[in-house]
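Okay, data14.tsv is below, TSV, C-alpha atoms:
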```tsv
chain	number	residue	atom	x	y	z
A	1	MET	CA	99.22	109.45	129.30
A	2	GLN	CA	98.31	105.77	129.40
A	3	SER	CA	101.04	103.27	128.56
A	4	LYS	CA	100.36	100.81	125.79
A	5	PRO	CA	99.12	97.39	126.90
A	6	HIS	CA	101.72	94.66	127.01
A	7	ILE	CA	101.72	90.92	126.48
A	8	LYS	CA	103.81	88.35	128.33
A	9	LEU	CA	105.73	85.86	126.26
A	10	THR	CA	108.06	82.96	126.91
A	11	VAL	CA	111.05	82.61	124.59
A	12	ARG	CA	112.79	79.24	124.48
A	13	PHE	CA	116.29	78.69	123.10
A	14	TRP	CA	117.43	75.44	121.54
A	15	SER	CA	120.75	73.90	120.51
A	16	TYR	CA	123.73	76.27	120.81
A	17	PHE	CA	121.39	79.24	121.24
A	18	ALA	CA	120.95	78.04	124.82
A	19	ASP	CA	124.74	78.16	125.24
A	20	VAL	CA	125.17	81.69	123.87
A	21	THR	CA	122.25	83.08	125.88
A	22	GLY	CA	123.16	81.12	129.01
A	23	CYS	CA	119.54	80.05	129.48
A	24	ARG	CA	116.96	77.67	128.10
A	25	GLU	CA	114.15	80.20	128.27
A	26	THR	CA	113.34	83.72	129.29
A	27	ALA	CA	110.20	85.74	129.94
A	28	ILE	CA	109.75	88.87	127.85
A	29	GLU	CA	107.11	91.59	127.81
A	30	ALA	CA	106.27	93.19	124.48
A	31	GLU	CA	103.73	95.72	123.29
A	32	ALA	CA	100.37	94.23	122.38
A	33	GLY	CA	100.22	93.66	118.65
A	34	SER	CA	103.94	92.90	118.39
A	35	THR	CA	105.01	90.62	115.59
A	36	LEU	CA	107.38	87.69	115.79
A	37	GLY	CA	109.97	89.74	113.91
A	38	GLN	CA	109.72	92.57	116.43
A	39	LEU	CA	110.10	90.12	119.28
A	40	HIS	CA	113.17	88.67	117.56
A	41	ASP	CA	114.66	92.18	117.46
A	42	LEU	CA	114.00	92.60	121.19
A	43	VAL	CA	115.62	89.25	121.96
A	44	CYS	CA	118.68	90.11	119.85
A	45	LYS	CA	119.08	93.36	121.81
A	46	GLN	CA	118.94	91.43	125.06
A	47	PHE	CA	121.28	88.70	123.79
A	48	PRO	CA	123.55	90.38	121.20
A	49	LYS	CA	125.31	87.13	120.25
A	50	LEU	CA	122.01	85.90	118.80
A	51	ALA	CA	122.05	88.80	116.36
A	52	GLU	CA	125.02	87.20	114.58
A	53	ALA	CA	122.73	84.31	113.60
A	54	ARG	CA	119.73	86.53	112.91
A	55	ASN	CA	119.30	85.61	109.24
A	56	SER	CA	119.56	81.86	109.76
A	57	THR	CA	117.41	81.69	112.89
A	58	LEU	CA	114.27	79.55	112.68
A	59	LYS	CA	111.25	80.71	114.64
A	60	ALA	CA	108.23	78.84	115.94
A	61	VAL	CA	105.22	79.79	118.00
A	62	GLY	CA	103.99	76.78	119.92
A	63	LEU	CA	104.78	73.82	117.68
A	64	ASP	CA	104.52	75.54	114.28
A	65	TYR	CA	106.91	77.64	112.25
A	66	GLN	CA	105.79	81.23	111.75
A	67	ASP	CA	106.94	84.18	109.67
A	68	ASP	CA	108.20	87.51	111.00
A	69	ASP	CA	104.81	89.15	110.42
A	70	PHE	CA	102.98	86.70	112.69
A	71	VAL	CA	101.15	88.71	115.39
A	72	LEU	CA	101.83	87.39	118.87
A	73	SER	CA	99.26	86.87	121.62
A	74	ASP	CA	99.59	87.04	125.39
A	75	GLY	CA	101.03	83.79	126.72
A	76	ASP	CA	102.57	82.64	123.45
A	77	GLU	CA	105.58	80.37	123.70
A	78	VAL	CA	108.15	81.30	121.08
A	79	SER	CA	111.10	79.09	120.16
A	80	LEU	CA	114.26	80.34	118.48
A	81	PHE	CA	116.81	77.93	117.10
A	82	PRO	CA	119.51	77.41	114.47
A	83	PRO	CA	118.95	75.31	111.33
A	84	VAL	CA	117.92	71.77	112.20
A	85	GLN	CA	120.23	68.77	111.77
A	86	GLY	CA	118.25	65.58	112.25
A	87	GLY	CA	119.32	62.24	110.88
B	1	MET	CA	98.23	55.26	105.97
B	2	LYS	CA	99.57	53.81	109.21
B	3	THR	CA	102.40	55.66	110.91
B	4	LYS	CA	104.55	54.96	113.92
B	5	LEU	CA	106.99	57.56	115.20
B	6	THR	CA	109.49	56.97	117.98
B	7	LEU	CA	111.87	59.51	119.51
B	8	SER	CA	113.91	57.77	122.15
B	9	PRO	CA	117.36	57.65	123.75
B	10	ASP	CA	117.31	53.86	123.47
B	11	PRO	CA	119.56	52.15	120.89
B	12	ILE	CA	117.77	51.36	117.62
B	13	ASP	CA	117.25	47.59	117.38
B	14	GLU	CA	116.98	47.10	113.62
B	15	ALA	CA	116.46	43.34	113.88
B	16	ALA	CA	113.56	43.79	116.29
B	17	LEU	CA	112.04	46.46	114.07
B	18	ALA	CA	112.27	44.18	111.02
B	19	LYS	CA	110.73	41.32	112.99
B	20	ALA	CA	107.82	43.52	114.03
B	21	ARG	CA	107.01	44.40	110.40
B	22	SER	CA	103.38	44.00	109.43
B	23	ILE	CA	102.30	44.36	105.79
B	24	SER	CA	99.21	43.43	103.84
B	25	ASP	CA	99.10	41.01	100.90
B	26	GLY	CA	99.10	43.67	98.19
B	27	MET	CA	102.36	45.28	99.26
B	28	GLY	CA	105.43	44.56	97.14
B	29	ALA	CA	107.95	47.11	98.39
B	30	VAL	CA	109.57	47.68	101.76
B	31	VAL	CA	112.20	50.43	101.72
B	32	THR	CA	114.26	50.85	104.85
B	33	PHE	CA	116.96	53.41	105.56
B	34	SER	CA	119.40	53.60	108.44
B	35	GLY	CA	121.30	56.79	109.14
B	36	VAL	CA	124.51	55.90	110.97
B	37	VAL	CA	126.86	58.18	112.92
B	38	ARG	CA	130.10	58.66	111.02
B	39	GLY	CA	133.47	58.74	112.76
B	40	ARG	CA	134.35	62.14	111.32
B	41	GLU	CA	132.37	65.36	111.49
B	42	ASN	CA	133.62	68.65	110.04
B	43	GLU	CA	137.07	67.07	109.53
B	44	ALA	CA	137.36	66.09	113.19
B	45	THR	CA	137.45	62.58	114.60
B	46	ILE	CA	134.50	62.05	116.92
B	47	THR	CA	133.31	59.33	119.26
B	48	SER	CA	129.61	60.09	119.19
B	49	ILE	CA	126.94	62.67	118.47
B	50	ASP	CA	124.67	64.13	121.13
B	51	TYR	CA	121.23	64.65	119.56
B	52	GLU	CA	118.93	67.25	121.11
B	53	SER	CA	115.26	67.21	120.19
B	54	PHE	CA	112.37	69.61	120.76
B	55	ASP	CA	110.18	66.53	121.09
B	56	ASP	CA	106.69	68.01	120.89
B	57	MET	CA	107.48	70.15	117.86
B	58	ALA	CA	109.44	67.34	116.22
B	59	LYS	CA	106.40	65.07	116.53
B	60	ARG	CA	104.16	67.80	115.12
B	61	GLN	CA	106.47	68.40	112.14
B	62	PHE	CA	106.84	64.68	111.42
B	63	GLU	CA	103.03	64.35	111.43
B	64	LEU	CA	102.76	67.20	108.91
B	65	ILE	CA	105.31	65.48	106.66
B	66	PHE	CA	103.47	62.16	106.98
B	67	THR	CA	100.24	63.89	105.91
B	68	GLU	CA	101.98	65.38	102.87
B	69	ILE	CA	103.27	61.94	101.91
B	70	GLU	CA	99.85	60.38	102.30
B	71	GLN	CA	98.38	62.98	99.96
B	72	ARG	CA	101.10	62.46	97.34
B	73	TRP	CA	101.87	58.73	97.24
B	74	PRO	CA	99.90	55.50	97.87
B	75	ILE	CA	101.84	54.36	100.93
B	76	GLU	CA	100.54	51.69	103.31
B	77	SER	CA	102.72	52.50	106.29
B	78	ILE	CA	105.67	54.45	107.61
B	79	ARG	CA	107.68	53.69	110.71
B	80	LEU	CA	110.37	56.13	111.83
B	81	VAL	CA	112.71	55.97	114.81
B	82	HIS	CA	115.07	58.81	115.70
B	83	ARG	CA	117.41	58.28	118.58
B	84	THR	CA	118.10	61.19	120.92
B	85	GLY	CA	120.93	61.80	123.37
B	86	ILE	CA	124.37	60.33	122.79
B	87	VAL	CA	124.72	57.99	119.80
B	88	PRO	CA	128.15	56.35	119.38
B	89	VAL	CA	129.95	56.16	116.03
B	90	ASN	CA	128.77	53.27	113.81
B	91	GLU	CA	125.37	53.11	115.52
B	92	PRO	CA	122.18	54.24	113.80
B	93	SER	CA	120.60	57.51	114.84
B	94	LEU	CA	117.74	57.16	112.35
B	95	TRP	CA	115.71	54.25	111.02
B	96	VAL	CA	112.93	54.62	108.47
B	97	GLU	CA	110.65	52.05	106.85
B	98	VAL	CA	108.20	52.79	104.06
B	99	VAL	CA	105.81	50.11	102.81
B	100	ALA	CA	103.99	50.44	99.48
B	101	ALA	CA	102.67	48.33	96.62
B	102	HIS	CA	105.55	49.30	94.33
B	103	ARG	CA	109.15	50.42	94.78
B	104	ALA	CA	108.91	53.78	92.99
B	105	GLU	CA	106.54	55.36	95.49
B	106	ALA	CA	108.27	53.70	98.42
B	107	PHE	CA	111.68	55.12	97.43
B	108	ASP	CA	110.25	58.55	96.58
B	109	ALA	CA	108.32	58.82	99.84
B	110	CYS	CA	111.33	57.71	101.89
B	111	GLN	CA	113.55	60.28	100.17
B	112	HIS	CA	110.96	63.03	100.68
B	113	LEU	CA	110.55	62.16	104.34
B	114	ILE	CA	114.26	62.36	105.08
B	115	ASP	CA	114.77	65.52	102.98
B	116	GLN	CA	111.93	67.29	104.77
B	117	MET	CA	113.08	66.06	108.17
B	118	LYS	CA	116.45	67.69	107.55
B	119	LEU	CA	114.75	70.98	106.73
B	120	ARG	CA	111.96	71.13	109.30
B	121	VAL	CA	112.16	68.75	112.23
B	122	PRO	CA	113.78	70.42	115.25
B	123	ILE	CA	116.57	68.03	116.10
B	124	TRP	CA	120.17	69.19	116.45
B	125	LYS	CA	123.45	67.41	116.82
B	126	LYS	CA	126.53	68.18	118.85
B	127	PRO	CA	129.58	66.09	117.86
B	128	ILE	CA	131.59	64.72	120.76
B	129	VAL	CA	135.27	65.04	119.85
B	130	THR	CA	137.89	62.66	121.18
```
Would you mind giving the structure from this file in structure tokens?
Amino acid sequence: MQSKPHIKLTVRFWSYFADVTGCRETAIEAEAGSTLGQLHDLVCKQFPKLAEARNSTLKAVGLDYQDDDFVLSDGDEVSLFPPVQGG
Amino acid sequence: MKTKLTLSPDPIDEAALAKARSISDGMGAVVTFSGVVRGRENEATITSIDYESFDDMAKRQFELIFTEIEQRWPIESIRLVHRTGIVPVNEPSLWVEVVAAHRAEAFDACQHLIDQMKLRVPIWKKPIVT
């Protein structure tokens, strides 16, 4: 049986998310066709402390905010971060 | 609409920014706002705030907000400076200038810009406690 094709993604963590994960970014492989929400689930499994902030987490692909149903592409750079606090 | 956006660890020189102002003859309103670091944050005394910025996305989000403003109000120009890194108490972390023909649109646009920044622009602060 052939395994499903995968895509390679980079996930970047900002603000205190970098502290709780212990890294600024990580490489993750996901099934082709995965959504941003599914990737978020994967990341929360890998870094359980992020799951505590799941509902307030903001998500971007590249430089734009995206919803959970956004379909990811190979090479996408995803950013996860807490609510912003400029000013 | 002219825009100038600066994200920088350098101190904000408000006098120099005011001196560099350039407005056309028809403009009657210049609204400026300075956001200054308070000495208390979450009931703790602090010495400074360390601002972290996702610069490329912050610039992208500011540009989107500027476009919204241009579509909604007749504004001649916006200049915005947000300091990054460590900003001591009593020093400005944010400086905004909006130039328009009349005060109503200048105030409204300035308020909208700051409100949207606080919702969308990826900048975070970490208070430094004494």
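Using all atoms listed in the file, the residues found no farther than 6 Å from range 52-62 of chain A, other than those of its own chain fewer than 3 positions away, are Lys49, Tyr65, Gln66, Glu77, Val78, Ser79, Leu80, Phe81 and Pro82 of chain A.
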Next on the checklist: Show me, as an MDAnalysis selection string, every residue of chain B with an atom at most 8 Å from chain A, counting all atoms listed in the file.
Outcome noted: chainID B and resid 35 51:52 54 56:57 60:61 82 93:94 114 117:125
Item to check | Neighbours of point (120.8, 81.9, 124.2) within 10 Å, using only C-alpha atoms, written as a list in words | outcome: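 Looking at atoms near the point gives Val11, Arg12, Phe13, Trp14, Ser15, Tyr16, Phe17, Ala18, Asp19, Val20, Thr21, Gly22, Cys23, Arg24, Glu25, Thr26, Val43, Cys44, Gln46, Phe47, Pro48, Lys49, Leu50, Leu80 and Phe81 of chain A.
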May I have the residues within 12 Å of Val98 in chain B as a compact mmCIF listing (two decimals) with C-alpha atoms, in the coordinates of the input, using only C-alpha atoms and disregarding those fewer than 5 positions away in the same chain?
```txt
# COMPACT_ATOMS: atom_id res chain seq x y z
CA MET B 1 98.23 55.26 105.97
CA LYS B 2 99.57 53.81 109.21
CA THR B 3 102.40 55.66 110.91
CA LYS B 4 104.55 54.96 113.92
CA ALA B 18 112.27 44.18 111.02
CA ARG B 21 107.01 44.40 110.40
CA SER B 22 103.38 44.00 109.43
CA ILE B 23 102.30 44.36 105.79
CA MET B 27 102.36 45.28 99.26
CA GLY B 28 105.43 44.56 97.14
CA ALA B 29 107.95 47.11 98.39
CA VAL B 30 109.57 47.68 101.76
CA VAL B 31 112.20 50.43 101.72
CA THR B 32 114.26 50.85 104.85
CA PHE B 33 116.96 53.41 105.56
CA PHE B 66 103.47 62.16 106.98
CA ILE B 69 103.27 61.94 101.91
CA GLU B 70 99.85 60.38 102.30
CA TRP B 73 101.87 58.73 97.24
CA PRO B 74 99.90 55.50 97.87
CA ILE B 75 101.84 54.36 100.93
CA GLU B 76 100.54 51.69 103.31
CA SER B 77 102.72 52.50 106.29
CA ILE B 78 105.67 54.45 107.61
CA ARG B 79 107.68 53.69 110.71
CA LEU B 80 110.37 56.13 111.83
CA ARG B 103 109.15 50.42 94.78
CA ALA B 104 108.91 53.78 92.99
CA GLU B 105 106.54 55.36 95.49
CA ALA B 106 108.27 53.70 98.42
CA PHE B 107 111.68 55.12 97.43
CA ASP B 108 110.25 58.55 96.58
CA ALA B 109 108.32 58.82 99.84
CA CYS B 110 111.33 57.71 101.89
CA GLN B 111 113.55 60.28 100.17
CA HIS B 112 110.96 63.03 100.68
CA LEU B 113 110.55 62.16 104.34
CA ILE B 114 114.26 62.36 105.08
```
For range 18-31 of chain B, take all atoms listed in the file, fit an axis-aligned box around them, add 8 Å to each of the six sides, then output centre and edge lengths in Å rounded to one decimal, as JSON.
```
{"center_x": 105.7, "center_y": 45.7, "center_z": 105.6, "size_x": 29.2, "size_y": 25.4, "size_z": 32.9}
```
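The coordinates place CA of Ile86 in chain B at 7.6 Å from CA of Pro9 in chain B.
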